[in-house]
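model02.pdb (PDB, C-alpha atoms)
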ATOM      1  CA  MET C   1      17.201  -5.061  18.851
ATOM      2  CA  ASN C   2      14.793  -7.416  17.087
ATOM      3  CA  ILE C   3      11.164  -6.223  17.425
ATOM      4  CA  PRO C   4       8.483  -8.706  16.276
ATOM      5  CA  VAL C   5       6.003  -7.254  13.782
ATOM      6  CA  ASP C   6       2.540  -8.771  13.289
ATOM      7  CA  ILE C   7       1.567  -8.939   9.594
ATOM      8  CA  LYS C   8      -1.836 -10.312   8.568
ATOM      9  CA  ARG C   9      -2.526 -11.356   4.973
ATOM     10  CA  ILE C  10      -6.016 -10.181   3.913
ATOM     11  CA  HIS C  11      -5.733 -11.053   0.208
ATOM     12  CA  PRO C  12      -4.731 -14.522  -1.016
ATOM     13  CA  ASP C  13      -2.301 -13.124  -3.628
ATOM     14  CA  ALA C  14      -0.506 -10.783  -1.216
ATOM     15  CA  LEU C  15       3.269 -11.084  -1.155
ATOM     16  CA  LEU C  16       4.359 -10.521   2.434
ATOM     17  CA  PRO C  17       7.097  -7.902   2.938
ATOM     18  CA  GLN C  18      10.591  -9.337   2.810
ATOM     19  CA  TYR C  19      14.209  -8.273   2.697
ATOM     20  CA  GLN C  20      15.497  -8.822  -0.850
ATOM     21  CA  THR C  21      19.233  -8.786  -0.111
ATOM     22  CA  GLN C  22      21.479  -9.498   2.847
ATOM     23  CA  GLY C  23      22.496  -5.837   3.057
ATOM     24  CA  ALA C  24      18.956  -4.436   2.833
ATOM     25  CA  CYS C  25      18.050  -1.920   5.566
ATOM     26  CA  ALA C  26      14.311  -2.238   4.899
ATOM     27  CA  PHE C  27      11.860  -4.692   3.407
ATOM     28  CA  ASP C  28      10.194  -4.416   0.015
ATOM     29  CA  VAL C  29       6.434  -4.286  -0.458
ATOM     30  CA  ALA C  30       4.326  -5.125  -3.508
ATOM     31  CA  SER C  31       0.768  -4.402  -4.583
ATOM     32  CA  VAL C  32      -1.893  -7.006  -5.344
ATOM     33  CA  GLU C  33      -3.293  -4.647  -7.985
ATOM     34  CA  THR C  34      -2.221  -3.938 -11.542
ATOM     35  CA  THR C  35      -3.129  -0.532 -12.905
ATOM     36  CA  THR C  36      -2.017   2.267 -15.190
ATOM     37  CA  ILE C  37      -1.248   5.536 -13.439
ATOM     38  CA  GLN C  38      -1.632   8.626 -15.576
ATOM     39  CA  PRO C  39       0.783  11.569 -15.353
ATOM     40  CA  LYS C  40       0.078  13.794 -12.311
ATOM     41  CA  GLU C  41      -2.452  11.243 -10.997
ATOM     42  CA  ILE C  42      -2.346  10.111  -7.361
ATOM     43  CA  THR C  43      -3.451   6.506  -6.886
ATOM     44  CA  ARG C  44      -3.701   4.225  -3.861
ATOM     45  CA  LEU C  45      -2.689   0.618  -4.360
ATOM     46  CA  LYS C  46      -3.602  -2.229  -2.024
ATOM     47  CA  SER C  47      -0.871  -4.412  -0.546
ATOM     48  CA  GLY C  48      -3.209  -7.186   0.543
ATOM     49  CA  TYR C  49      -1.965  -7.240   4.132
ATOM     50  CA  VAL C  50      -2.179  -5.279   7.356
ATOM     51  CA  ILE C  51       0.870  -4.468   9.472
ATOM     52  CA  ARG C  52       0.354  -3.927  13.199
ATOM     53  CA  VAL C  53       2.944  -1.339  14.186
ATOM     54  CA  PRO C  54       4.473  -2.261  17.576
ATOM     55  CA  LYS C  55       3.810   0.068  20.511
ATOM     56  CA  GLY C  56       6.340   2.893  20.637
ATOM     57  CA  HIS C  57       7.291   2.503  16.949
ATOM     58  CA  THR C  58       6.256   3.843  13.563
ATOM     59  CA  LEU C  59       6.249   2.401  10.054
ATOM     60  CA  ILE C  60       7.929   4.533   7.410
ATOM     61  CA  ILE C  61       7.051   4.038   3.756
ATOM     62  CA  ALA C  62       9.695   5.426   1.435
ATOM     63  CA  VAL C  63      10.380   5.073  -2.262
ATOM     64  CA  ARG C  64      13.639   3.440  -3.279
ATOM     65  CA  SER C  65      15.991   5.945  -4.887
ATOM     66  CA  SER C  66      15.850   3.985  -8.169
ATOM     67  CA  THR C  67      12.029   3.913  -8.416
ATOM     68  CA  PRO C  68      11.455   7.296 -10.128
ATOM     69  CA  LYS C  69      14.134   6.565 -12.727
ATOM     70  CA  LYS C  70      12.925   3.001 -13.392
ATOM     71  CA  THR C  71       9.157   3.639 -13.315
ATOM     72  CA  GLY C  72       8.574   7.397 -13.386
ATOM     73  CA  LEU C  73       6.622   7.055 -10.112
ATOM     74  CA  CYS C  74       7.121   8.660  -6.702
ATOM     75  CA  LEU C  75       5.213   9.154  -3.453
ATOM     76  CA  PRO C  76       3.363  12.514  -3.404
ATOM     77  CA  HIS C  77       5.259  13.685  -0.310
ATOM     78  CA  GLY C  78       8.247  11.361  -0.725
ATOM     79  CA  ILE C  79       7.538   9.491   2.504
ATOM     80  CA  GLY C  80       4.631   7.986   4.402
ATOM     81  CA  ILE C  81       4.341   7.674   8.178
ATOM     82  CA  VAL C  82       2.111   5.016   9.792
ATOM     83  CA  ASP C  83       1.614   5.472  13.535
ATOM     84  CA  MET C  84       0.902   2.554  15.842
ATOM     85  CA  ASP C  85      -2.702   3.737  16.280
TER      86      ASP C  85
END
In structure tokens, write the structure found in this file.
Amino acid sequence: MNIPVDIKRIHPDALLPQYQTQGACAFDVASVETTTIQPKEITRLKSGYVIRVPKGHTLIIAVRSSTPKKTGLCLPHGIGIVDMD
């Protein structure tokens, strides 16, 4: 099933989410900010866009399995849930 998702760019430099490979099961997101994150620090980074989650669905934000090894970074709880409201 193909569910349309409304994405609004709110920063001119925002890279809209996109699938990077044909076999990708999810799209990649990027930040419009550049920063240094200190060890044990929790930081919020802006994407520069807003995603309207379709009714009856949720948006799941998860770190790629290679991210901690490549960058030393991870989500505090490993996953983020964005409800439609």
Task: Shell around Val53 of chain C at 7 Å using only C-alpha atoms, local window under 2 positions removed, as number ranges by chain - done: C: 5, 51, 55, 57-59, 83-84
Open item on the list: Around the point (-0.6, -9.2, 3.7) (coordinates from the file), which residues reach within 8 Å if we count all atoms listed in the file? Answer as a VMD selection string.
Closed with: chain C and resid 7 to 11 14 to 17 47 to 51
Open item on the list: Selection in question (the file shown): the PyMOL selection byres ((chain C and resi 28) around 7). Which residues does it include, as a PyMOL selection string?
Closed with: chain C and resi 17-20+26-27+29-30
Task: Non-local contacts of segment 35-42 of chain C (12 Å; only C-alpha atoms; under 3 positions in same chain excluded) as a PyMOL selection string - done: chain C and resi 31-32+45-46+71-77
Selection above as a file: C-alpha atoms, as a PDB file, in the coordinates of the input:
ATOM      1  CA  SER C  31       0.768  -4.402  -4.583  1.00  0.00           C
ATOM      2  CA  VAL C  32      -1.893  -7.006  -5.344  1.00  0.00           C
ATOM      3  CA  LEU C  45      -2.689   0.618  -4.360  1.00  0.00           C
ATOM      4  CA  LYS C  46      -3.602  -2.229  -2.024  1.00  0.00           C
ATOM      5  CA  THR C  71       9.157   3.639 -13.315  1.00  0.00           C
ATOM      6  CA  GLY C  72       8.574   7.397 -13.386  1.00  0.00           C
ATOM      7  CA  LEU C  73       6.622   7.055 -10.112  1.00  0.00           C
ATOM      8  CA  CYS C  74       7.121   8.660  -6.702  1.00  0.00           C
ATOM      9  CA  LEU C  75       5.213   9.154  -3.453  1.00  0.00           C
ATOM     10  CA  PRO C  76       3.363  12.514  -3.404  1.00  0.00           C
ATOM     11  CA  HIS C  77       5.259  13.685  -0.310  1.00  0.00           C
TER      12      HIS C  77
END
Open item on the list: Given all atoms listed in the file as the basis, pick out the residue of C:Cys25, C:Thr34, C:Arg44, C:Asp13 nearest to Arg64 of chain C.
Closed with: C:Cys25
- [ ] Provide the atom CA of Pro54 of chain C to atom CA of Asp6 of chain C distance in Å, to one decimal place.
- [x]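 Taking atom CA of Pro54 of chain C as the start and atom CA of Asp6 of chain C as the end point, the length is 8.0 Å.
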Task: Residues matched by the PyMOL selection byres ((chain C and resi 81) around 6) as a list in words - done: Leu59, Ile60, Gly80 and Val82 of chain C
- [ ] Please indicate the distance in Å from atom CA of Pro12 of chain C to atom CA of Ile61 of chain C, rounded to one decimal place.
- [x]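 Those two atoms sit 22.5 Å apart.
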